[in-house]
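Asker: Following this line is run-v4.txt, made up of compact mmCIF, C-alpha atoms:
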```
# COMPACT_ATOMS: atom_id res chain seq x y z
CA MET C 18 -13.04 19.89 31.61
CA PRO C 19 -14.40 20.24 28.10
CA SER C 20 -11.65 20.13 25.52
CA THR C 21 -11.82 22.06 22.31
CA THR C 22 -9.19 19.77 20.83
CA GLY C 23 -11.24 16.60 21.16
CA LEU C 24 -9.00 15.11 23.88
CA ARG C 25 -5.79 15.35 21.86
CA ARG C 26 -2.82 13.94 23.66
CA SER C 27 0.45 15.79 23.79
CA ASN C 28 2.08 12.90 21.86
CA ASP C 29 -0.46 13.03 19.05
CA PRO C 30 1.53 12.97 15.76
CA PRO C 31 -0.20 16.05 14.23
CA VAL C 32 0.50 18.11 17.37
CA LEU C 33 4.13 16.95 17.46
CA ILE C 34 4.62 17.75 13.78
CA LEU C 35 3.16 21.25 14.18
CA MET C 36 5.37 21.82 17.24
CA SER C 37 8.41 20.75 15.27
CA LEU C 38 7.54 22.92 12.27
CA ALA C 39 7.01 25.88 14.58
CA THR C 40 10.80 26.25 14.64
CA GLY C 41 11.10 26.21 10.84
CA PRO C 42 10.48 24.08 7.73
CA LYS C 43 11.66 20.47 7.85
CA HIS C 44 11.47 17.35 5.69
CA GLY C 45 10.33 13.94 6.93
CA HIS C 46 13.60 12.63 8.38
CA ALA C 47 14.40 15.95 10.06
CA LEU C 48 10.89 15.94 11.60
CA ILE C 49 11.39 12.46 13.03
CA LYS C 50 14.76 13.39 14.55
CA ASP C 51 13.46 16.67 15.99
CA ILE C 52 10.35 15.06 17.50
CA GLU C 53 12.48 12.32 19.01
CA LEU C 54 14.69 15.00 20.55
CA PHE C 55 12.05 17.24 22.13
CA ALA C 56 9.29 14.68 22.89
CA GLY C 57 11.11 11.36 23.14
CA VAL C 58 8.63 9.88 20.67
CA HIS C 59 9.80 8.00 17.59
CA LEU C 60 7.31 8.32 14.76
CA GLY C 61 7.47 5.65 12.07
CA ALA C 62 7.34 6.59 8.39
CA GLY C 63 3.71 5.40 8.12
CA ALA C 64 2.52 7.36 11.15
CA LEU C 65 4.45 10.47 10.10
CA TYR C 66 3.10 10.54 6.57
CA GLY C 67 -0.42 9.66 7.73
CA ALA C 68 -0.34 12.78 9.90
CA ILE C 69 1.35 14.89 7.20
CA THR C 70 -1.40 13.89 4.73
CA ARG C 71 -4.16 14.95 7.14
CA LEU C 72 -2.43 18.19 8.12
CA GLU C 73 -1.83 19.16 4.51
CA GLU C 74 -5.42 18.33 3.52
CA ARG C 75 -6.64 20.61 6.30
CA GLY C 76 -4.35 23.42 5.26
CA LEU C 77 -2.38 23.40 8.51
CA ILE C 78 0.95 22.73 6.80
CA GLU C 79 2.18 23.20 3.25
CA ALA C 80 4.87 21.60 1.13
CA LEU C 81 7.74 23.75 -0.12
CA ARG C 82 9.38 23.40 -3.51
CA SER C 83 12.41 21.19 -3.52
CA ASP C 84 14.79 19.80 -6.11
CA ASP C 85 15.45 16.91 -3.80
CA ARG C 86 13.12 13.94 -3.14
CA ARG C 87 13.09 15.15 0.47
CA ARG C 88 10.30 17.69 0.38
CA PRO C 89 10.25 20.14 3.30
CA TYR C 90 7.01 21.31 4.96
CA ARG C 91 6.19 24.49 6.80
CA ILE C 92 3.42 25.45 9.17
CA THR C 93 0.67 27.74 7.78
CA PRO C 94 -1.06 30.59 9.66
CA ALA C 95 -4.05 28.25 10.20
CA GLY C 96 -1.64 25.63 11.54
CA THR C 97 -0.12 28.16 13.91
CA GLN C 98 -3.57 29.01 15.27
CA ALA C 99 -4.47 25.32 15.62
CA LEU C 100 -1.21 24.66 17.47
CA ALA C 101 -1.76 27.65 19.77
CA SER C 102 -5.22 26.38 20.59
CA ALA C 103 -3.98 22.84 21.23
CA VAL C 104 -1.16 24.12 23.44
CA GLU C 105 -3.66 26.23 25.39
CA ASP C 106 -5.82 23.13 25.93
CA MET C 107 -2.80 21.20 27.15
CA ARG C 108 -1.81 24.09 29.43
CA LYS C 109 -5.30 24.11 30.99
CA LEU C 110 -5.18 20.36 31.44
CA ALA C 111 -1.70 20.52 32.99
CA HIS C 112 -2.88 23.31 35.32
CA LEU C 113 -5.92 21.28 36.38
CA GLY C 114 -3.72 18.22 36.96
CA ALA C 115 -1.27 20.25 39.04
CA SER C 116 -4.04 21.78 41.19
CA ARG C 117 -5.55 18.33 41.86
CA LEU C 118 -2.15 16.89 42.61
CA ALA C 119 -1.22 19.62 45.11
CA PRO C 120 -3.20 18.21 48.10
CA LEU C 121 -1.73 14.77 47.49
CA TRP C 122 1.79 16.20 47.45
CA SER C 123 1.20 18.09 50.67
CA ALA C 124 -0.12 14.92 52.33
CA LEU C 125 3.04 13.00 51.49
CA MET O 28 17.30 -5.71 -4.22
CA ARG O 29 16.93 -4.05 -0.81
CA ARG O 30 15.70 -0.90 -2.48
CA ASN O 31 13.01 -3.11 -4.00
CA HIS O 32 11.95 -4.25 -0.54
CA GLN O 33 11.60 -0.61 0.46
CA GLN O 34 9.62 0.24 -2.67
CA GLN O 35 7.24 -2.59 -1.92
CA LEU O 36 6.14 -0.73 1.19
CA LEU O 37 4.28 1.62 -1.15
CA ARG O 38 2.02 -1.11 -2.51
CA TRP O 39 -0.22 -0.76 0.56
CA TYR O 40 -1.02 2.85 -0.34
CA PRO O 41 -3.62 4.01 -2.87
CA HIS O 42 -2.43 5.17 -6.28
CA SER O 43 -3.31 8.84 -5.73
CA TRP O 44 -1.36 8.88 -2.45
CA ARG O 45 1.69 7.23 -4.07
CA GLU O 46 1.61 9.86 -6.82
CA ARG O 47 1.68 12.68 -4.28
CA TYR O 48 3.84 11.33 -1.44
CA GLY O 49 5.50 8.19 -2.84
CA ASP O 50 8.92 9.68 -3.68
CA GLU O 51 9.40 11.56 -0.43
CA PHE O 52 8.08 8.60 1.57
CA LEU O 53 10.72 6.34 0.00
CA ALA O 54 13.37 9.00 0.59
CA LEU O 55 12.41 9.00 4.27
CA VAL O 56 12.47 5.19 4.46
CA HIS O 57 15.92 5.24 2.86
CA ASP O 58 17.10 7.92 5.31
CA GLU O 59 15.90 5.75 8.19
CA LEU O 60 17.03 2.33 6.99
CA GLY O 61 19.85 3.02 4.57
CA GLU O 62 20.25 -0.10 2.44
CA LYS O 63 18.70 -2.39 5.05
CA THR O 64 15.61 -4.46 4.39
CA PRO O 65 12.62 -3.20 6.41
CA THR O 66 11.95 -5.33 9.49
CA PHE O 67 8.68 -7.24 9.77
CA ARG O 68 7.45 -4.74 12.37
CA TYR O 69 8.32 -1.82 10.10
CA GLN O 70 6.45 -3.47 7.23
CA ILE O 71 3.38 -4.08 9.41
CA ALA O 72 3.36 -0.43 10.52
CA CYS O 73 3.54 0.76 6.90
CA ALA O 74 0.86 -1.73 5.81
CA ARG O 75 -1.46 -0.47 8.53
CA ALA O 76 -0.86 3.17 7.58
CA GLY O 77 -1.26 2.36 3.86
CA LEU O 78 -4.54 0.51 4.36
CA HIS O 79 -5.79 3.41 6.44
CA GLN O 80 -5.02 5.72 3.51
CA ARG O 81 -6.88 3.34 1.19
CA LEU O 82 -9.95 3.54 3.42
CA ARG O 83 -9.72 7.32 3.41
CA ALA O 84 -9.21 7.38 -0.37
CA GLY O 85 -12.36 5.32 -0.73
CA GLU O 86 -14.14 8.13 1.11
CA LEU O 87 -16.29 5.61 2.99
CA PHE O 88 -14.69 6.69 6.25
CA ALA O 89 -13.58 10.18 5.31
CA ARG O 90 -13.45 12.53 8.25
CA GLY O 91 -12.92 15.83 6.52
CA THR O 92 -13.80 19.05 8.24
CA ASP O 93 -16.21 19.94 5.45
CA PRO O 94 -19.74 18.69 6.36
CA ALA O 95 -20.40 18.08 2.66
CA VAL O 96 -17.43 15.66 2.56
CA GLN O 97 -18.72 13.94 5.70
CA LEU O 98 -22.20 13.66 4.23
CA ARG O 99 -20.90 12.25 0.97
CA SER O 100 -18.66 9.65 2.63
CA ALA O 101 -21.43 8.55 5.00
CA THR O 102 -23.85 8.31 2.07
CA LEU O 103 -21.42 6.11 0.15
CA LEU O 104 -21.01 3.93 3.23
CA VAL O 105 -24.80 3.45 3.34
CA LEU O 106 -24.86 2.63 -0.38
CA SER O 107 -22.15 -0.02 0.07
CA MET O 108 -23.95 -1.55 3.03
CA TRP O 109 -27.21 -1.54 1.09
CA THR O 110 -25.49 -3.72 -1.53
CA LEU O 111 -24.44 -6.15 1.18
CA PHE O 112 -28.02 -6.06 2.47
CA VAL O 113 -29.35 -6.88 -1.00
CA LEU O 114 -27.22 -10.04 -1.00
CA GLY O 115 -28.92 -11.08 2.25
CA GLY O 116 -32.27 -10.17 0.70
CA LEU O 117 -31.62 -12.38 -2.34
CA SER O 118 -30.86 -15.27 -0.02
CA LEU O 119 -34.13 -14.60 1.86
CA GLN O 120 -36.01 -14.48 -1.44
CA LYS O 121 -34.71 -17.92 -2.38
CA THR O 122 -35.32 -19.40 1.10
CA SER O 123 -38.89 -18.11 1.25
CA GLU O 124 -40.05 -19.49 -2.12
CA HIS O 125 -43.52 -21.10 -1.74
CA PHE O 126 -43.47 -20.63 2.05
CA ALA O 127 -47.21 -19.87 2.19
CA ARG O 128 -47.99 -23.44 1.10
CA ALA O 129 -46.08 -24.74 4.10
CA LEU O 130 -48.08 -22.77 6.64
CA PRO O 131 -51.32 -24.17 8.07
CA ARG O 132 -54.40 -22.35 6.76
CA GLY O 133 -54.96 -20.42 10.04
CA ALA O 134 -51.37 -19.15 10.21
CA ARG O 135 -51.11 -18.05 6.59
CA PRO O 136 -52.44 -14.48 7.00
CA SER O 137 -49.93 -13.45 9.66
CA GLY O 138 -47.04 -15.18 7.85
CA GLN O 139 -48.06 -13.51 4.62
CA ASP O 140 -48.43 -10.15 6.40
CA ALA O 141 -44.88 -10.45 7.71
CA PHE O 142 -43.51 -11.25 4.27
CA ASN O 143 -45.56 -8.48 2.64
CA ALA O 144 -44.04 -6.04 5.14
CA VAL O 145 -40.55 -7.30 4.20
CA GLU O 146 -41.33 -6.70 0.53
CA ILE O 147 -42.87 -3.26 1.08
CA PHE O 148 -39.84 -1.96 3.00
CA ALA O 149 -37.44 -3.61 0.54
CA ILE O 150 -39.19 -1.89 -2.38
CA ALA O 151 -39.16 1.41 -0.46
CA SER O 152 -35.38 1.13 0.06
CA LEU O 153 -34.88 0.30 -3.62
CA ALA O 154 -37.03 3.30 -4.60
CA ALA O 155 -34.92 5.58 -2.40
CA VAL O 156 -31.72 4.27 -4.03
CA VAL O 157 -33.18 4.75 -7.52
CA VAL O 158 -34.26 8.33 -6.70
CA GLY O 159 -30.75 8.97 -5.37
CA VAL O 160 -29.16 7.68 -8.59
CA VAL O 161 -31.56 9.68 -10.78
CA ALA O 162 -30.76 12.86 -8.83
CA THR O 163 -27.06 12.45 -9.63
CA LEU O 164 -27.54 11.68 -13.34
CA PRO O 165 -26.85 15.26 -14.56
CA ALA O 166 -23.61 15.29 -12.56
CA ILE O 167 -22.71 11.83 -13.88
CA PHE O 168 -23.21 13.01 -17.49
CA ARG O 169 -21.10 16.12 -16.82
CA PHE O 170 -18.41 13.91 -15.29
CA LEU O 171 -18.36 11.52 -18.25
CA ARG O 172 -18.41 14.36 -20.81
CA SER O 173 -15.42 16.01 -19.14
CA GLY O 174 -13.29 12.89 -19.61
CA GLY O 175 -13.98 11.30 -16.22
CA TRP O 176 -14.62 8.00 -17.96
CA LEU O 177 -10.85 7.48 -18.16
CA ASP O 178 -10.64 7.41 -14.35
CA VAL O 179 -13.26 4.71 -13.89
CA ARG O 180 -13.17 2.76 -17.14
CA SER O 181 -11.21 -0.16 -15.69
CA ARG O 182 -13.78 -0.76 -12.92
CA ALA O 183 -16.70 -0.15 -15.28
CA ARG O 184 -15.33 -2.63 -17.82
CA TRP O 185 -15.03 -5.32 -15.14
CA SER O 186 -18.57 -4.53 -13.99
CA PHE O 187 -19.96 -4.84 -17.53
CA PHE O 188 -17.98 -8.04 -18.07
CA ALA O 189 -19.30 -9.58 -14.83
CA SER O 190 -22.84 -8.49 -15.76
CA GLY O 191 -22.55 -10.17 -19.16
CA VAL O 192 -21.22 -13.41 -17.67
CA THR O 193 -23.92 -13.37 -14.98
CA ALA O 194 -26.67 -12.78 -17.54
CA GLY O 195 -25.38 -15.71 -19.61
CA VAL O 196 -25.22 -18.02 -16.59
CA VAL O 197 -28.72 -16.92 -15.47
CA ALA O 198 -30.07 -17.82 -18.92
CA LEU O 199 -28.38 -21.24 -18.87
CA VAL O 200 -29.47 -22.07 -15.32
CA SER O 201 -33.05 -20.95 -16.10
CA LEU O 202 -33.17 -23.18 -19.17
CA TRP O 203 -31.84 -26.06 -17.10
CA ALA O 204 -34.36 -25.38 -14.31
CA HIS O 205 -37.26 -25.79 -16.76
CA HIS O 206 -36.24 -29.41 -17.27
CA LEU O 207 -36.11 -30.20 -13.53
CA SER O 208 -38.82 -31.04 -11.04
CA GLU O 209 -39.51 -28.80 -8.02
CA PHE O 210 -37.77 -31.35 -5.79
CA GLN O 211 -34.67 -31.32 -8.02
CA ARG O 212 -34.65 -27.51 -8.10
CA ASN O 213 -34.76 -27.35 -4.30
CA GLY O 214 -31.75 -29.40 -3.36
CA GLY O 215 -32.63 -32.75 -4.94
CA ASP O 216 -30.05 -32.35 -7.72
CA GLY O 217 -26.51 -31.81 -6.42
CA LEU O 218 -25.17 -30.53 -9.73
CA TYR O 219 -27.98 -28.00 -10.11
CA SER O 220 -27.46 -26.85 -6.50
CA ALA O 221 -23.75 -26.31 -7.19
CA ALA O 222 -24.57 -24.35 -10.35
CA PHE O 223 -27.07 -22.27 -8.41
CA ALA O 224 -24.48 -21.56 -5.69
CA ALA O 225 -21.99 -20.49 -8.39
CA LEU O 226 -24.66 -18.24 -9.89
CA ALA O 227 -25.32 -16.68 -6.47
CA LEU O 228 -21.58 -15.97 -6.12
CA LEU O 229 -21.53 -14.40 -9.59
CA VAL O 230 -24.50 -12.18 -8.73
CA ALA O 231 -22.76 -11.16 -5.49
CA LEU O 232 -19.53 -10.39 -7.36
CA THR O 233 -21.40 -8.35 -9.98
CA LEU O 234 -23.17 -6.33 -7.31
CA VAL O 235 -19.89 -5.67 -5.50
CA LEU O 236 -18.19 -4.58 -8.74
CA TRP O 237 -21.03 -2.22 -9.65
CA THR O 238 -21.03 -0.76 -6.15
CA SER O 239 -17.29 -0.23 -6.39
CA THR O 240 -17.80 1.54 -9.74
CA ALA O 241 -20.63 3.64 -8.31
CA VAL O 242 -18.49 4.68 -5.33
CA ALA O 243 -15.55 5.51 -7.64
CA ILE O 244 -17.82 7.69 -9.79
CA ALA O 245 -19.67 9.26 -6.84
CA LYS O 246 -16.50 10.41 -5.12
CA ARG O 247 -15.41 12.21 -8.29
CA LEU O 248 -18.73 13.93 -8.98
CA GLY O 249 -19.14 17.65 -8.55
CA LEU O 250 -22.36 17.63 -6.52
CA SER O 251 -24.06 20.73 -5.22
CA ARG O 252 -24.66 20.88 -1.48
CA SER O 253 -28.40 20.55 -2.01
CA ILE O 254 -27.93 17.30 -3.94
CA VAL O 255 -25.53 15.97 -1.29
CA LYS O 256 -28.16 16.82 1.34
CA LEU O 257 -30.87 15.07 -0.68
CA GLU O 258 -28.64 12.02 -1.07
CA SER O 259 -27.93 11.95 2.65
CA ALA O 260 -31.65 12.24 3.49
CA LEU O 261 -32.38 9.36 1.13
CA SER O 262 -29.57 7.38 2.78
CA VAL O 263 -31.19 7.78 6.19
CA ALA O 264 -34.50 6.62 4.68
CA VAL O 265 -32.71 3.59 3.18
CA VAL O 266 -31.22 2.70 6.57
CA VAL O 267 -34.67 2.96 8.23
CA CYS O 268 -36.11 0.66 5.53
CA MET O 269 -33.21 -1.78 5.94
CA ALA O 270 -33.84 -1.93 9.69
CA ALA O 271 -37.57 -2.44 9.07
CA VAL O 272 -36.88 -5.26 6.58
CA THR O 273 -34.63 -6.98 9.12
CA ILE O 274 -37.24 -6.70 11.88
CA CYS O 275 -40.00 -8.00 9.57
CA THR O 276 -37.71 -10.85 8.49
CA GLY O 277 -37.42 -11.77 12.16
CA TRP O 278 -41.23 -11.67 12.41
CA TRP O 279 -41.57 -13.89 9.31
CA TRP O 280 -38.95 -16.30 10.68
CA THR O 281 -40.86 -16.51 13.97
CA GLU O 282 -44.11 -17.31 12.12
CA LEU O 283 -42.40 -20.10 10.18
CA ALA O 284 -40.61 -21.37 13.28
CA THR O 285 -43.93 -21.57 15.14
CA HIS O 286 -46.06 -23.18 12.45
CA ALA O 287 -43.78 -24.87 9.89
CA SER O 288 -40.20 -25.09 11.16
CA TRP O 289 -39.53 -28.05 8.84
CA PHE O 290 -39.82 -25.69 5.86
CA LEU O 291 -36.73 -23.73 6.91
CA THR O 292 -34.41 -26.74 7.14
CA GLY O 293 -35.84 -28.63 4.17
CA ALA O 294 -37.01 -31.49 6.45
CA PRO O 295 -39.99 -33.65 5.35
CA SER O 296 -43.32 -31.83 5.38
CA GLY O 297 -44.98 -31.73 8.79
CA SER O 298 -41.97 -33.17 10.66
CA THR O 299 -40.59 -31.65 13.83
CA SER O 300 -37.43 -29.73 13.09
CA SER O 301 -35.31 -26.94 14.51
CA ALA O 302 -36.16 -23.51 13.11
CA ILE O 303 -32.50 -22.49 13.32
CA SER O 304 -31.46 -23.18 9.76
CA ALA O 305 -27.93 -22.31 8.68
CA THR O 306 -29.24 -20.37 5.68
CA MET O 307 -31.49 -18.16 7.80
CA VAL O 308 -28.77 -17.58 10.41
CA VAL O 309 -26.32 -16.47 7.70
CA THR O 310 -28.99 -14.41 5.91
CA VAL O 311 -30.13 -12.54 9.02
CA SER O 312 -26.52 -12.08 10.19
CA VAL O 313 -25.56 -10.51 6.87
CA MET O 314 -28.63 -8.26 6.95
CA SER O 315 -28.02 -7.26 10.58
CA MET O 316 -24.35 -6.50 9.95
CA ALA O 317 -25.27 -4.36 6.95
CA VAL O 318 -27.88 -2.50 9.02
CA LEU O 319 -25.39 -1.95 11.83
CA CYS O 320 -22.70 -0.54 9.54
CA ALA O 321 -25.23 1.53 7.59
CA SER O 322 -26.55 2.90 10.89
CA LEU O 323 -23.06 4.22 11.63
CA GLY O 324 -23.25 6.07 8.33
CA ALA O 325 -26.73 7.37 9.19
CA ALA O 326 -25.48 8.53 12.60
CA ARG O 327 -22.68 10.49 10.91
CA ILE O 328 -25.19 12.01 8.50
CA VAL O 329 -27.45 13.11 11.35
CA GLY O 330 -24.38 14.40 13.20
CA SER O 331 -23.43 16.50 10.16
CA TRP O 332 -26.99 17.87 9.97
CA ARG O 333 -26.85 18.88 13.61
CA ARG O 334 -23.57 20.71 13.10
CA GLY O 335 -25.14 22.28 10.02
CA ALA O 336 -23.52 23.72 6.94
CA GLY O 337 -23.18 27.06 8.76
CA ASP O 338 -20.71 25.44 11.13
CA ALA O 339 -18.53 24.28 8.27
CA THR O 340 -15.56 26.21 9.60
CA PRO O 341 -14.31 24.21 12.54
CA SER O 342 -12.47 25.63 15.51
CA ASN O 343 -8.79 25.64 14.70
CA SER O 344 -7.81 23.19 17.38
CA SER O 345 -10.45 20.63 16.43
CA ALA O 346 -8.95 20.69 12.94
CA LEU O 347 -6.05 18.76 14.45
```
Rewrite the structure from the file as structure tokens, please.
Answerer:
Amino acid sequence: MPSTTGLRRSNDPPVLILMSLATGPKHGHALIKDIELFAGVHLGAGALYGAITRLEERGLIEALRSDDRRRPYRITPAGTQALASAVEDMRKLAHLGASRLAPLWSAL
Amino acid sequence: MRRNHQQQLLRWYPHSWRERYGDEFLALVHDELGEKTPTFRYQIACARAGLHQRLRAGELFARGTDPAVQLRSATLLVLSMWTLFVLGGLSLQKTSEHFARALPRGARPSGQDAFNAVEIFAIASLAAVVVGVVATLPAIFRFLRSGGWLDVRSRARWSFFASGVTAGVVALVSLWAHHLSEFQRNGGDGLYSAAFAALALLVALTLVLWTSTAVAIAKRLGLSRSIVKLESALSVAVVVCMAAVTICTGWWWTELATHASWFLTGAPSGSTSSAISATMVVTVSVMSMAVLCASLGAARIVGSWRRGAGDATPSNSSAL
């Protein structure tokens, strides 16, 4: 099945970050904790900020003002669209997987 | 002390990245580790991420969604690989000195043809690079006039310094060479050979420094899309010429291996010798590696052309 997301995995850091920010702005540590909670994936500081850098460069997230060193980020409208598209790709893939798995399940 | 260990994680990242994300990155590290010293694994992960950012900051491997950014980064990759290729070319130039005399009369035309082809394609690649530089001159002047010099002065100073030292050493070695026989100049005098090797290293260092300066300037230039396209077209031409030079070098090597293999290893004239000389193996390997890497840049350029400037707006999901 052709993928419009370029074969992005569901545990890809940019996807996980966008999913986390979909519930509201968060700073780095809060992102790591949230992602660990809903995806069971622990992102290191290097991986997290590598993804944050790319996402911000592409206008998918934006930094909010903060008096603290912990700068929160929020998802942009372009980021929301990108996430929706990625989730749709994953849904199609999951659907395809389920339909191919069905005969195997019934044979068990 | 431990805070220092955490701060040292930032040294892997480029300056511009540290300016933008450094504080919050350290805040995150502190949130994760408290006052603990980062583990070796943690440090390796940060080093890997930091070096990746350095590569991206260098724009040689930039994968922006803007085709112009892609074209520019691929063009700079080709320019860097061309410099590496030139180093291989200089080695070939030295190795091939007076080769025609070594060939038997009947084999001279084809050997000379091969070497002429090497020179023609090498000159063509140099011409393409010069045209590319000339095309960016107005942008370079604008950049320097607007205070851009401050951003690149450190690199440029080192480049000028290395050029001065290299010019001085070239003059000294040339003077020395005039007092030596051909045998002494071609490996018979150990001291002269060592000085020549040092000179070769200096030339290589100077070329690398100038390329680094050129890349630093090029990534800061405000180039129009048409100039970026011209530069990318010239880059593809350079890669084609580099590939042609490498193939013709193989042809030349084969001619020498067939008719005068002793010449390549410095064995006595007319003796039987292997044509696999260490110098030629290293030279052709360097040239081939440069061609391979430059070809990756050319492939990205062609890929950007196929997508076209009209497709500059990517689908939202592929932006991830």
Asker: How far is it from atom CA of O:Thr310 to atom CA of O:Lys121, in Å with one decimal?
Answerer: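 Separation between atom CA of O:Thr310 and atom CA of O:Lys121: 10.7 Å.
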Asker: Could you tell me which of C:Ile92, C:Ala39, C:Ala68, C:Leu54 comes closest to chain O if we count all atoms listed in the file?
Answerer: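 The shortest atom-to-atom distance to chain O comes from C:Ala68.
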Asker: Determine, for each residue of chain C having at least one atom at most 7 Å from an atom of chain O, the closest pair of atoms and their separation in Å to one decimal, counting all atoms listed in the file; order by chain and ascending number, as JSON lines.
Answerer:
```
{"residue": "C:Thr21", "atom": "CA", "partner": "O:Ser345", "partner_atom": "CA", "distance": 6.2}
{"residue": "C:Thr22", "atom": "CA", "partner": "O:Ser345", "partner_atom": "CA", "distance": 4.7}
{"residue": "C:Gly23", "atom": "CA", "partner": "O:Ser345", "partner_atom": "CA", "distance": 6.3}
{"residue": "C:Pro31", "atom": "CA", "partner": "O:Leu347", "partner_atom": "CA", "distance": 6.5}
{"residue": "C:Gly45", "atom": "CA", "partner": "O:Leu55", "partner_atom": "CA", "distance": 6.0}
{"residue": "C:His46", "atom": "CA", "partner": "O:Leu55", "partner_atom": "CA", "distance": 5.6}
{"residue": "C:Ala62", "atom": "CA", "partner": "O:Val56", "partner_atom": "CA", "distance": 6.6}
{"residue": "C:Gly63", "atom": "CA", "partner": "O:Cys73", "partner_atom": "CA", "distance": 4.8}
{"residue": "C:Ala64", "atom": "CA", "partner": "O:Ala76", "partner_atom": "CA", "distance": 6.5}
{"residue": "C:Gly67", "atom": "CA", "partner": "O:Ala76", "partner_atom": "CA", "distance": 6.5}
{"residue": "C:Arg86", "atom": "CA", "partner": "O:Glu51", "partner_atom": "CA", "distance": 5.2}
{"residue": "C:Arg87", "atom": "CA", "partner": "O:Glu51", "partner_atom": "CA", "distance": 5.2}
{"residue": "C:Arg88", "atom": "CA", "partner": "O:Glu51", "partner_atom": "CA", "distance": 6.2}
{"residue": "C:Gln98", "atom": "CA", "partner": "O:Asn343", "partner_atom": "CA", "distance": 6.2}
{"residue": "C:Ala99", "atom": "CA", "partner": "O:Ser344", "partner_atom": "CA", "distance": 4.3}
{"residue": "C:Leu100", "atom": "CA", "partner": "O:Ser344", "partner_atom": "CA", "distance": 6.8}
{"residue": "C:Ser102", "atom": "CA", "partner": "O:Ser344", "partner_atom": "CA", "distance": 5.2}
{"residue": "C:Ala103", "atom": "CA", "partner": "O:Ser344", "partner_atom": "CA", "distance": 5.4}
```
Asker: To one decimal place in Å, what is the distance between atom CA of O:Arg128 and atom CA of O:Thr273?
Answerer: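 Atom CA of O:Arg128 sits 22.7 Å away from atom CA of O:Thr273.
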Asker: Between atom CA of C:His44 and atom CA of C:Ser83, what is the spacing in Å?
Answerer: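 Separation between atom CA of C:Ser83 and atom CA of C:His44: 10.0 Å.
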Asker: Padding 5 Å on each side, edges along x, y and z: where is the centre of the box around the listed atoms of stretch 329-334 of chain O, and how long are its edges in Å to one decimal? Output it as AutoDock Vina command-line options.
Answerer:
```
--center_x -25.4 --center_y 16.9 --center_z 11.8 --size_x 14.0 --size_y 17.6 --size_z 13.6
```
Asker: Measuring between all atoms listed in the file, which one of C:His59, C:Arg75, C:Arg91, C:Arg82 shows the shortest distance to C:Ser37?
Answerer: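 Smallest distance to C:Ser37 is found for C:Arg91.
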Asker: Select, from O:Ser322, O:Ser304, O:Ser181, O:Thr102, the residue with the minimum atom-to-atom distance to O:Leu291, counting only C-alpha atoms.
Answerer: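 Among O:Ser322, O:Ser304, O:Ser181, O:Thr102, it is O:Ser304 that comes nearest to O:Leu291.
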